[in-house]
$ cat entry_19.cif   # mmCIF, C-alpha atoms and all ligand atoms
data_start
#
loop_
_atom_site.label_atom_id
_atom_site.label_comp_id
_atom_site.auth_asym_id
_atom_site.auth_seq_id
_atom_site.Cartn_x
_atom_site.Cartn_y
_atom_site.Cartn_z
CA MET A 1 -5.93 -12.88 18.61
CA ASN A 2 -7.69 -9.63 17.83
CA LEU A 3 -6.15 -6.92 15.65
CA GLU A 4 -5.46 -4.64 18.64
CA THR A 5 -3.44 -7.36 20.32
CA LEU A 6 -1.59 -8.22 17.11
CA CYS A 7 -0.59 -4.55 16.71
CA VAL A 8 1.09 -4.69 20.10
CA GLN A 9 2.27 -8.30 20.40
CA ALA A 10 2.72 -9.97 17.01
CA GLY A 11 6.03 -10.57 15.28
CA TRP A 12 8.52 -10.56 18.14
CA THR A 13 8.22 -13.22 20.84
CA PRO A 14 11.35 -13.12 23.00
CA GLY A 15 12.72 -16.24 24.66
CA LYS A 16 14.26 -16.48 28.12
CA GLY A 17 16.61 -13.58 28.83
CA GLU A 18 16.02 -11.94 25.43
CA PRO A 19 15.08 -8.26 25.03
CA ARG A 20 11.38 -7.56 25.61
CA VAL A 21 11.48 -4.90 22.89
CA LEU A 22 12.24 -5.92 19.31
CA PRO A 23 16.02 -5.40 18.92
CA ILE A 24 17.56 -3.64 15.93
CA TYR A 25 19.83 -6.22 14.30
CA GLN A 26 22.20 -3.61 12.92
CA SER A 27 24.33 -6.20 11.15
CA THR A 28 24.80 -6.88 7.47
CA THR A 29 26.03 -10.41 8.13
CA PHE A 30 25.36 -13.48 10.24
CA LYS A 31 27.85 -16.09 11.42
CA TYR A 32 27.96 -19.82 10.62
CA GLU A 33 30.12 -22.68 11.88
CA THR A 34 30.89 -24.43 8.64
CA SER A 35 31.11 -23.67 4.97
CA GLU A 36 28.53 -26.40 4.33
CA GLN A 37 25.95 -24.63 6.54
CA MET A 38 26.38 -21.46 4.53
CA ALA A 39 26.18 -23.29 1.20
CA ARG A 40 22.81 -24.80 2.14
CA LEU A 41 21.46 -21.30 2.80
CA PHE A 42 22.54 -20.16 -0.65
CA ASP A 43 20.71 -23.11 -2.19
CA LEU A 44 17.53 -22.25 -0.21
CA GLU A 45 17.78 -25.70 1.39
CA ASP A 46 17.99 -24.28 4.90
CA ASN A 47 16.23 -21.30 6.38
CA GLY A 48 18.48 -18.78 8.10
CA TYR A 49 20.01 -15.34 7.99
CA PHE A 50 23.19 -14.68 6.11
CA TYR A 51 23.04 -11.24 4.52
CA THR A 52 20.64 -8.40 5.33
CA ARG A 53 19.85 -7.70 1.66
CA LEU A 54 17.96 -11.01 1.70
CA GLN A 55 16.67 -11.18 5.24
CA ASN A 56 17.18 -9.54 8.62
CA PRO A 57 15.60 -10.59 11.93
CA THR A 58 14.30 -7.10 12.79
CA ASN A 59 12.67 -6.72 9.39
CA ASP A 60 11.25 -10.24 9.52
CA ALA A 61 9.60 -9.64 12.89
CA VAL A 62 7.90 -6.49 11.59
CA ALA A 63 6.90 -8.22 8.34
CA ALA A 64 5.42 -11.08 10.41
CA LYS A 65 3.36 -8.56 12.41
CA ILE A 66 1.96 -7.02 9.23
CA ALA A 67 1.28 -10.47 7.75
CA ALA A 68 -0.68 -11.31 10.92
CA LEU A 69 -2.64 -8.04 10.72
CA GLU A 70 -3.59 -8.68 7.08
CA GLY A 71 -4.21 -12.39 7.64
CA GLY A 72 -1.54 -13.44 5.13
CA VAL A 73 0.95 -16.32 5.06
CA GLY A 74 4.03 -14.12 4.72
CA ALA A 75 5.32 -10.63 4.06
CA MET A 76 8.43 -8.76 2.98
CA LEU A 77 9.42 -5.23 3.91
CA THR A 78 10.73 -2.96 1.17
CA SER A 79 12.52 0.37 1.25
CA SER A 80 9.44 2.25 0.01
CA GLY A 81 5.86 1.82 -1.13
CA GLN A 82 7.09 2.31 -4.69
CA ALA A 83 9.41 -0.68 -4.34
CA ALA A 84 6.56 -2.74 -2.86
CA ASN A 85 4.23 -2.07 -5.79
CA PHE A 86 7.01 -2.59 -8.32
CA TYR A 87 8.02 -5.94 -6.83
CA ALA A 88 4.41 -7.06 -6.34
CA ILE A 89 3.87 -6.81 -10.10
CA PHE A 90 7.39 -7.62 -11.32
CA ASN A 91 7.34 -10.85 -9.30
CA ILE A 92 4.74 -12.23 -11.76
CA CYS A 93 5.20 -10.09 -14.89
CA GLN A 94 8.09 -10.00 -17.32
CA ALA A 95 8.76 -8.32 -20.67
CA GLY A 96 5.86 -9.09 -23.01
CA ASP A 97 3.34 -9.33 -20.18
CA HIS A 98 0.44 -7.07 -19.39
CA PHE A 99 -1.68 -6.16 -16.37
CA VAL A 100 -4.86 -4.22 -15.71
CA CYS A 101 -5.09 -1.40 -13.19
CA ALA A 102 -7.72 0.94 -11.76
CA SER A 103 -7.04 4.40 -13.17
CA ALA A 104 -7.66 6.22 -9.87
CA ILE A 105 -4.39 5.46 -8.08
CA TYR A 106 -1.48 7.26 -6.45
CA GLY A 107 0.47 9.45 -8.92
CA GLY A 108 3.79 7.73 -8.19
CA THR A 109 2.29 4.32 -8.92
CA PHE A 110 0.73 5.69 -12.09
CA ASN A 111 4.15 6.84 -13.36
CA LEU A 112 5.81 3.59 -12.32
CA PHE A 113 3.23 1.50 -14.16
CA ALA A 114 2.59 3.70 -17.20
CA VAL A 115 6.10 4.95 -17.93
CA THR A 116 8.88 3.02 -16.19
CA MET A 117 7.45 -0.49 -16.39
CA LYS A 118 6.60 0.11 -20.02
CA LYS A 119 10.33 0.61 -20.62
CA LEU A 120 10.84 -2.87 -19.14
CA GLY A 121 8.38 -4.26 -21.70
CA ILE A 122 5.46 -4.63 -19.29
CA GLU A 123 2.27 -2.97 -20.43
CA VAL A 124 -0.64 -1.75 -18.35
CA THR A 125 -4.22 -0.88 -19.27
CA PHE A 126 -5.97 1.57 -16.95
CA ILE A 127 -9.68 1.08 -16.44
CA ASP A 128 -12.45 2.96 -14.65
CA ALA A 129 -12.89 0.92 -11.46
CA ASP A 130 -16.55 1.96 -11.24
CA ALA A 131 -17.36 0.39 -14.63
CA ASP A 132 -19.25 -2.91 -14.67
CA GLU A 133 -17.59 -6.30 -14.84
CA SER A 134 -18.08 -6.89 -18.56
CA GLU A 135 -16.62 -3.47 -19.39
CA ILE A 136 -13.53 -4.04 -17.20
CA SER A 137 -13.13 -7.58 -18.60
CA LYS A 138 -12.58 -6.13 -22.07
CA ALA A 139 -9.17 -4.87 -20.94
CA PHE A 140 -7.91 -8.43 -20.33
CA ARG A 141 -5.67 -10.17 -22.86
CA PRO A 142 -4.13 -13.65 -23.07
CA ASN A 143 -0.86 -12.20 -21.64
CA THR A 144 -2.56 -10.37 -18.72
CA LYS A 145 -1.01 -11.42 -15.38
CA ALA A 146 -2.63 -9.30 -12.66
CA LEU A 147 -5.35 -6.84 -11.69
CA PHE A 148 -4.38 -3.93 -9.42
CA GLY A 149 -6.28 -1.30 -7.43
CA GLU A 150 -6.20 0.78 -4.21
CA THR A 151 -8.72 0.14 -1.42
CA ILE A 152 -9.18 3.91 -1.09
CA SER A 153 -7.50 5.80 -3.91
CA ASN A 154 -4.91 8.48 -3.25
CA PRO A 155 -5.83 11.33 -3.63
CA SER A 156 -9.32 11.05 -5.12
CA CYS A 157 -10.69 8.93 -2.22
CA ALA A 158 -12.60 6.50 -4.46
CA VAL A 159 -13.50 3.23 -2.73
CA LEU A 160 -12.80 0.02 -4.63
CA ASP A 161 -15.39 -2.74 -4.92
CA ILE A 162 -12.89 -5.42 -3.90
CA GLU A 163 -15.26 -8.38 -4.33
CA LYS A 164 -16.09 -7.27 -7.86
CA PHE A 165 -12.40 -6.87 -8.66
CA ALA A 166 -11.59 -10.30 -7.19
CA ARG A 167 -14.32 -11.92 -9.34
CA ILE A 168 -12.97 -10.25 -12.47
CA ALA A 169 -9.34 -11.18 -11.71
CA HIS A 170 -10.14 -14.79 -10.88
CA SER A 171 -12.40 -15.27 -13.90
CA HIS A 172 -9.30 -14.41 -15.97
CA GLY A 173 -6.99 -16.66 -13.96
CA VAL A 174 -4.92 -13.86 -12.43
CA PRO A 175 -4.39 -12.57 -8.87
CA LEU A 176 -5.87 -9.38 -7.46
CA VAL A 177 -3.23 -7.07 -5.99
CA ILE A 178 -4.55 -4.40 -3.61
CA ASP A 179 -2.67 -1.37 -2.30
CA ASN A 180 -4.25 -1.09 1.16
CA THR A 181 -2.23 1.94 2.32
CA PHE A 182 -5.10 4.29 3.21
CA ALA A 183 -7.47 1.82 4.87
CA THR A 184 -4.81 -0.21 6.76
CA PRO A 185 -5.78 -3.66 8.05
CA ILE A 186 -7.46 -1.95 11.01
CA ASN A 187 -10.26 -0.76 8.73
CA CYS A 188 -10.15 -3.23 5.84
CA ARG A 189 -8.57 -6.62 5.26
CA PRO A 190 -8.71 -7.17 1.49
CA PHE A 191 -7.93 -10.91 1.75
CA GLU A 192 -11.33 -11.39 3.42
CA TRP A 193 -12.93 -10.06 0.22
CA GLY A 194 -10.94 -12.18 -2.22
CA ALA A 195 -7.74 -10.19 -2.84
CA ASP A 196 -4.61 -12.32 -3.26
CA ILE A 197 -1.71 -9.92 -2.65
CA VAL A 198 -1.70 -6.75 -0.53
CA THR A 199 0.83 -3.93 -0.61
CA HIS A 200 1.35 -0.87 1.56
CA SER A 201 3.32 2.27 1.64
CA THR A 202 4.20 1.86 5.34
CA THR A 203 5.37 5.48 5.13
CA LYS A 204 1.76 6.47 5.77
CA TYR A 205 -0.52 5.33 8.63
CA MET A 206 1.54 2.28 9.58
CA ASP A 207 4.56 4.37 10.53
CA GLY A 208 2.10 7.14 11.28
CA HIS A 209 4.62 9.71 12.50
CA ALA A 210 6.29 10.62 9.19
CA THR A 211 9.69 9.28 10.22
CA CYS A 212 10.45 6.50 7.69
CA VAL A 213 9.78 5.77 4.06
CA GLY A 214 8.94 2.09 3.68
CA GLY A 215 6.74 -0.51 2.08
CA VAL A 216 5.51 -4.07 2.46
CA ILE A 217 4.10 -6.87 0.32
CA VAL A 218 1.84 -9.47 1.93
CA ASP A 219 0.66 -12.71 0.30
CA SER A 220 -2.62 -14.39 1.26
CA GLY A 221 -1.23 -17.71 0.02
CA ASN A 222 -4.60 -18.29 -1.66
CA PHE A 223 -3.82 -17.90 -5.34
CA ASP A 224 -3.29 -21.24 -7.07
CA TRP A 225 -0.28 -20.54 -9.32
CA GLU A 226 -0.08 -24.17 -10.43
CA ALA A 227 -3.66 -24.04 -11.72
CA HIS A 228 -2.49 -21.32 -14.15
CA ALA A 229 1.04 -22.65 -14.54
CA ASP A 230 1.47 -21.45 -18.14
CA LYS A 231 0.75 -17.85 -17.08
CA PHE A 232 3.28 -17.81 -14.23
CA PRO A 233 6.42 -19.63 -15.42
CA GLY A 234 8.54 -17.61 -12.98
CA LEU A 235 6.83 -19.44 -10.11
CA THR A 236 5.99 -22.78 -11.68
CA GLN A 237 9.11 -23.48 -13.76
CA PRO A 238 12.71 -24.00 -12.61
CA ASP A 239 14.70 -20.91 -11.59
CA GLU A 240 18.15 -21.19 -13.15
CA SER A 241 19.57 -18.77 -10.61
CA TYR A 242 18.80 -21.40 -7.93
CA HIS A 243 19.99 -24.53 -9.76
CA GLY A 244 16.60 -25.30 -11.22
CA LEU A 245 14.50 -24.97 -8.06
CA THR A 246 10.75 -24.48 -8.72
CA TYR A 247 9.13 -22.09 -6.20
CA THR A 248 5.65 -23.63 -6.18
CA LYS A 249 7.03 -27.15 -5.70
CA ALA A 250 9.61 -26.21 -3.06
CA PHE A 251 7.59 -23.64 -1.08
CA GLY A 252 3.86 -24.22 -1.71
CA LYS A 253 1.85 -21.32 -0.29
CA MET A 254 5.07 -19.38 0.32
CA ALA A 255 6.12 -19.57 -3.37
CA TYR A 256 5.32 -15.95 -4.23
CA MET A 257 6.95 -14.47 -1.10
CA THR A 258 10.02 -16.69 -1.39
CA LYS A 259 10.58 -15.68 -5.00
CA ALA A 260 10.13 -11.99 -4.10
CA THR A 261 12.75 -12.30 -1.36
CA ALA A 262 15.22 -14.79 -2.80
CA GLN A 263 15.17 -13.47 -6.35
CA LEU A 264 13.90 -9.88 -6.58
CA MET A 265 15.37 -8.63 -3.32
CA ARG A 266 18.62 -10.49 -3.99
CA ASP A 267 18.94 -8.92 -7.45
CA LEU A 268 17.35 -5.48 -7.03
CA GLY A 269 18.00 -4.88 -3.35
CA SER A 270 15.42 -2.33 -2.16
CA ILE A 271 15.60 -3.41 1.45
CA GLN A 272 14.22 -1.51 4.39
CA SER A 273 16.92 -0.64 6.91
CA PRO A 274 16.50 -2.48 10.25
CA GLN A 275 16.53 0.94 11.96
CA ASN A 276 13.51 2.01 9.93
CA ALA A 277 11.79 -1.32 10.53
CA PHE A 278 12.21 -0.72 14.27
CA LEU A 279 10.54 2.70 14.00
CA LEU A 280 7.80 1.24 11.80
CA ASN A 281 7.14 -1.31 14.52
CA LEU A 282 6.67 1.45 17.10
CA GLY A 283 4.10 2.99 14.78
CA LEU A 284 2.30 -0.31 14.34
CA GLU A 285 1.99 -0.69 18.12
CA THR A 286 -0.54 2.18 18.16
CA LEU A 287 -2.12 1.79 14.70
CA HIS A 288 -5.35 0.47 16.24
CA LEU A 289 -5.59 3.54 18.49
CA ARG A 290 -4.72 6.11 15.86
CA MET A 291 -6.94 4.93 12.98
CA PRO A 292 -10.29 5.43 14.78
CA ARG A 293 -9.18 8.93 15.83
CA HIS A 294 -8.14 9.82 12.26
CA CYS A 295 -11.57 8.64 11.07
CA GLN A 296 -13.57 10.47 13.77
CA ASN A 297 -11.70 13.72 13.12
CA ALA A 298 -11.99 13.37 9.34
CA GLN A 299 -15.73 12.73 9.61
CA ARG A 300 -16.18 15.97 11.59
CA VAL A 301 -13.98 17.97 9.23
CA ALA A 302 -15.74 16.53 6.16
CA GLU A 303 -19.14 17.46 7.61
CA TYR A 304 -17.86 20.96 8.37
CA LEU A 305 -16.51 21.38 4.82
CA GLU A 306 -19.72 20.08 3.27
CA ALA A 307 -21.73 22.69 5.18
CA SER A 308 -19.36 25.52 4.29
CA GLU A 309 -20.43 28.21 1.79
CA GLN A 310 -16.97 28.40 0.22
CA VAL A 311 -16.66 24.70 -0.52
CA ALA A 312 -17.76 23.47 -3.95
CA TRP A 313 -17.55 19.75 -3.31
CA VAL A 314 -16.24 17.20 -0.78
CA ASN A 315 -15.32 13.60 -1.39
CA TYR A 316 -15.14 11.59 1.81
CA CYS A 317 -16.70 8.15 1.80
CA GLY A 318 -18.02 8.64 5.35
CA LEU A 319 -20.43 11.32 4.05
CA LYS A 320 -23.88 10.10 3.02
CA SER A 321 -23.58 12.29 -0.08
CA SER A 322 -20.52 10.37 -1.29
CA LYS A 323 -21.06 8.05 -4.21
CA TYR A 324 -18.80 5.62 -2.34
CA TYR A 325 -20.79 5.70 0.92
CA ASP A 326 -22.40 2.27 0.43
CA LEU A 327 -19.14 0.61 -0.63
CA ALA A 328 -17.39 2.16 2.37
CA GLN A 329 -20.11 0.88 4.72
CA LYS A 330 -19.64 -2.60 3.29
CA TYR A 331 -15.84 -2.79 3.27
CA MET A 332 -15.00 -0.38 6.11
CA PRO A 333 -17.93 -0.25 8.56
CA ASN A 334 -15.71 1.10 11.36
CA GLY A 335 -14.31 4.00 9.34
CA SER A 336 -12.16 4.46 6.25
CA CYS A 337 -9.20 6.82 6.73
CA GLY A 338 -8.36 10.43 7.54
CA VAL A 339 -7.94 11.68 3.99
CA ILE A 340 -10.50 14.03 2.47
CA ALA A 341 -10.56 15.40 -1.08
CA PHE A 342 -12.39 18.66 -1.65
CA GLY A 343 -12.59 21.68 -3.94
CA LEU A 344 -13.26 25.34 -3.20
CA LYS A 345 -15.57 27.59 -5.14
CA GLY A 346 -13.54 30.00 -7.23
CA THR A 347 -10.29 29.63 -9.10
CA ARG A 348 -7.17 27.53 -8.67
CA GLU A 349 -5.60 30.63 -7.11
CA ASP A 350 -8.24 30.58 -4.38
CA ALA A 351 -7.20 27.04 -3.52
CA ILE A 352 -3.56 28.12 -3.27
CA LYS A 353 -4.51 31.16 -1.14
CA PHE A 354 -6.52 28.95 1.22
CA MET A 355 -3.60 26.58 1.68
CA ASP A 356 -1.11 29.39 2.20
CA SER A 357 -3.39 30.89 4.88
CA LEU A 358 -3.47 27.77 7.06
CA LYS A 359 -1.50 28.17 10.30
CA MET A 360 -1.33 24.87 12.17
CA ILE A 361 -2.01 22.70 9.12
CA CYS A 362 1.15 22.51 7.00
CA ILE A 363 1.66 22.09 3.29
CA VAL A 364 3.74 18.94 3.02
CA THR A 365 4.31 16.23 0.44
CA HIS A 366 2.92 13.67 2.76
CA VAL A 367 -0.33 12.15 3.82
CA ALA A 368 -1.62 9.93 6.59
CA ASP A 369 0.44 10.91 9.60
CA ALA A 370 -0.42 12.18 13.07
CA ARG A 371 -0.24 15.86 12.02
CA THR A 372 -2.95 17.32 9.81
CA CYS A 373 -1.47 18.34 6.47
CA VAL A 374 -2.59 19.55 3.08
CA LEU A 375 -1.49 19.30 -0.55
CA HIS A 376 -2.63 20.39 -3.99
CA PRO A 377 -1.98 17.28 -6.14
CA ALA A 378 -2.28 19.03 -9.51
CA SER A 379 0.60 21.37 -8.52
CA HIS A 380 2.56 18.85 -6.43
CA THR A 381 2.39 15.01 -6.47
CA HIS A 382 0.61 14.75 -9.82
CA ARG A 383 2.54 17.51 -11.58
CA GLN A 384 3.88 15.14 -14.24
CA LEU A 385 0.41 14.10 -15.36
CA THR A 386 -1.29 15.71 -18.33
CA ASP A 387 -4.76 17.20 -17.79
CA GLU A 388 -6.22 14.10 -19.45
CA GLN A 389 -4.29 11.78 -17.12
CA LEU A 390 -5.33 13.92 -14.14
CA VAL A 391 -8.99 13.38 -14.96
CA GLU A 392 -8.34 9.64 -15.50
CA ALA A 393 -6.66 9.45 -12.11
CA GLY A 394 -9.69 11.13 -10.54
CA VAL A 395 -7.72 14.28 -9.70
CA ALA A 396 -9.68 17.42 -10.47
CA PRO A 397 -7.40 20.44 -11.01
CA ASP A 398 -9.04 22.12 -7.98
CA LEU A 399 -8.72 19.05 -5.72
CA ILE A 400 -7.22 19.79 -2.30
CA ARG A 401 -6.06 16.74 -0.38
CA LEU A 402 -6.51 17.21 3.33
CA SER A 403 -4.97 14.55 5.54
CA VAL A 404 -6.68 14.86 8.90
CA GLY A 405 -4.46 14.05 11.87
CA ILE A 406 -5.10 13.04 15.45
CA GLU A 407 -5.16 16.51 17.04
CA ASN A 408 -8.38 17.87 18.58
CA ALA A 409 -10.92 18.21 15.74
CA ASP A 410 -12.01 21.66 17.04
CA ASP A 411 -8.50 23.02 16.47
CA ILE A 412 -8.32 21.53 12.97
CA ILE A 413 -11.68 23.06 12.04
CA ALA A 414 -10.73 26.42 13.58
CA ASP A 415 -7.62 26.59 11.39
CA ILE A 416 -9.60 25.71 8.25
CA GLU A 417 -12.25 28.27 9.14
CA GLN A 418 -9.79 31.14 9.59
CA ALA A 419 -8.06 30.23 6.29
CA LEU A 420 -11.38 30.13 4.43
CA HIS A 421 -12.10 33.66 5.65
CA CYS A 422 -8.71 35.14 4.81
C1 LIG A 501 2.59 7.05 -0.86
C2 LIG A 501 1.94 5.94 -1.57
C3 LIG A 501 2.68 5.03 -2.34
C4 LIG A 501 4.17 5.16 -2.51
O1 LIG A 501 4.80 4.90 -1.31
P1 LIG A 501 6.24 5.53 -0.88
O2 LIG A 501 6.42 4.93 0.46
O3 LIG A 501 6.11 7.00 -0.90
O4 LIG A 501 7.22 5.02 -1.88
C5 LIG A 501 2.00 3.99 -2.94
N1 LIG A 501 0.66 3.86 -2.82
C6 LIG A 501 -0.08 4.72 -2.10
C7 LIG A 501 -1.55 4.53 -2.01
C8 LIG A 501 0.53 5.79 -1.45
O5 LIG A 501 -0.23 6.65 -0.74
#
$ encode --input "entry_19.cif" --output "structure tokens"
Amino acid sequence: MNLETLCVQAGWTPGKGEPRVLPIYQSTTFKYETSEQMARLFDLEDNGYFYTRLQNPTNDAVAAKIAALEGGVGAMLTSSGQAANFYAIFNICQAGDHFVCASAIYGGTFNLFAVTMKKLGIEVTFIDADADESEISKAFRPNTKALFGETISNPSCAVLDIEKFARIAHSHGVPLVIDNTFATPINCRPFEWGADIVTHSTTKYMDGHATCVGGVIVDSGNFDWEAHADKFPGLTQPDESYHGLTYTKAFGKMAYMTKATAQLMRDLGSIQSPQNAFLLNLGLETLHLRMPRHCQNAQRVAEYLEASEQVAWVNYCGLKSSKYYDLAQKYMPNGSCGVIAFGLKGTREDAIKFMDSLKMICIVTHVADARTCVLHPASHTHRQLTDEQLVEAGVAPDLIRLSVGIENADDIIADIEQALHC
């Protein structure tokens, strides 16, 4: 089926007399007839629900929809995008391990990787994603377990050369993990370009209405863990917490997702509430309608900004002037996303004054929802970063992140215009 149909139909297929709309299974627990039945679930010998921290039918239906949209073999919802990125890496890295990451990424992910995961003994090396393959390869070590990047980086709007990244990762025997939050599977499906694992902050376009924080991990099922068994003992050697079960042997292509669910979710417990999963599903039902509108509006706004006297620079990969235009045409021919990065001529204070003068467009710590919103990363989301780290993350101190919504583009431009002339 086509993506539009999957957005509406995938995940929940009711049987006779069952609710047409995905029900919210607001239950922590699930009933069994015998003690033996329950014991088999705990040993992963049977598939079934027993406790919502591990699995819940509402969440599973929504995860299945997202897996279908990305073209993966399985998916797991998490309570946030942060949890998704943490689990995606922690599922294959332990203390003493290392991974490589594009430096232009979301500020929260940067902190998670550079500061918090370091405390767990996992080291990261940040690289310039635009560098050539041999340069990026220098960052790899014998204990490197993954390569990570964002399809379109938040907030700098750099476009990743996914095929190049996949080649580099695979030549070092590690999977490529892609945070596909900004593009969504409507505009880019990283598995088609060689990525192995995809993550999302579903908080953004997937929910689309700014109602629920959430995340998801999707596995393509393509990475051959057994071929690099010594690198991934957590998947290819017995798990003592399941009586010596080996994920790759027991679950094949579902090894990575099963470990993430049965081990990480069991032990760390960042589940998405079924209520939030229900709301996320409502968002997904219109994702294919909203994304093109976000892109059309953003294209018009970006062109307006580029032509404006007061604007120093605009980074939107739909503009021919963007250094990422060609990559965007290759990976996202139907449009990229609604997020634009730009800077005003003048001082940092001019940027603040512009934002404070907007009327309809609100200053919010959010991005990628139906309402147009604006943020100054250097003063807000990326506040913790030093000036050096800001530059590394592609965040100029004057960068304004404008998330273009699905209103009428004329009204968005009118608000920007009046604020520029205040
Ligand atoms: C927002 C965001 C995250 C973090 O997600 P939360 O849902 O806020 O935890 C991760 N990656 C990207 C690209 C994001 O935009």
$ residues_near_ligand --input "entry_19.cif" --ligand "ligand LIG 501 (chain A)" --cutoff "8 Å" --atoms "only C-alpha atoms and all ligand atoms" --output "VMD selection string"
chain A and resid 79 to 85 105 to 106 108 to 109 150 152 to 155 179 to 182 200 to 204 213 to 215 366 to 367
$ closest_residue --input "entry_19.cif" --among "A:Arg371, A:Arg40, A:His172, A:Lys65" --to "Trp12 in chain A" --atoms "all atoms listed in the file"
A:Lys65
$ closest_residue --input "entry_19.cif" --among "A:Ala139, A:Ile186, A:Leu358, A:Val73" --to "Leu284 in chain A" --atoms "only C-alpha atoms"
A:Ile186
$ closest_residue --input "entry_19.cif" --among "A:Ile406, A:Phe113, A:Leu160, A:His376" --to "Ala131 in chain A" --atoms "all atoms listed in the file"
A:Leu160
$ residues_around --input "entry_19.cif" --residues "His228 in chain A" --least-positions-apart "5" --cutoff "9 Å" --atoms "all atoms listed in the file" --output "VMD selection string"
chain A and resid 173 to 174 236
$ residues_near_point --input "entry_19.cif" --point "(-1.6, -7.2, 1.0)" --cutoff "9 Å" --atoms "only C-alpha atoms" --output "VMD selection string"
chain A and resid 66 to 67 70 to 72 75 177 to 180 185 189 to 191 195 to 200 216 to 220
$ closest_residue --input "entry_19.cif" --among "A:Gly17, A:Gly343, A:Gly318, A:Gly107" --to "Val159 in chain A" --atoms "all atoms listed in the file"
A:Gly318
$ closest_residue --input "entry_19.cif" --among "A:Ala277, A:Ala210, A:Ala307, A:Ala129" --to "Ala368 in chain A" --atoms "only C-alpha atoms"
A:Ala210
$ residues_near_point --input "entry_19.cif" --point "(2.1, -12.7, -7.0)" --cutoff "7 Å" --atoms "all atoms listed in the file" --output "list in words"
Ala88, Ile89, Asn91, Ile92, Pro175, Ile197 and Tyr256 of chain A
$ atom_distance --input "entry_19.cif" --atom1 "CA of Glu349 in chain A" --atom2 "CA of Gly405 in chain A"
25.2 Å
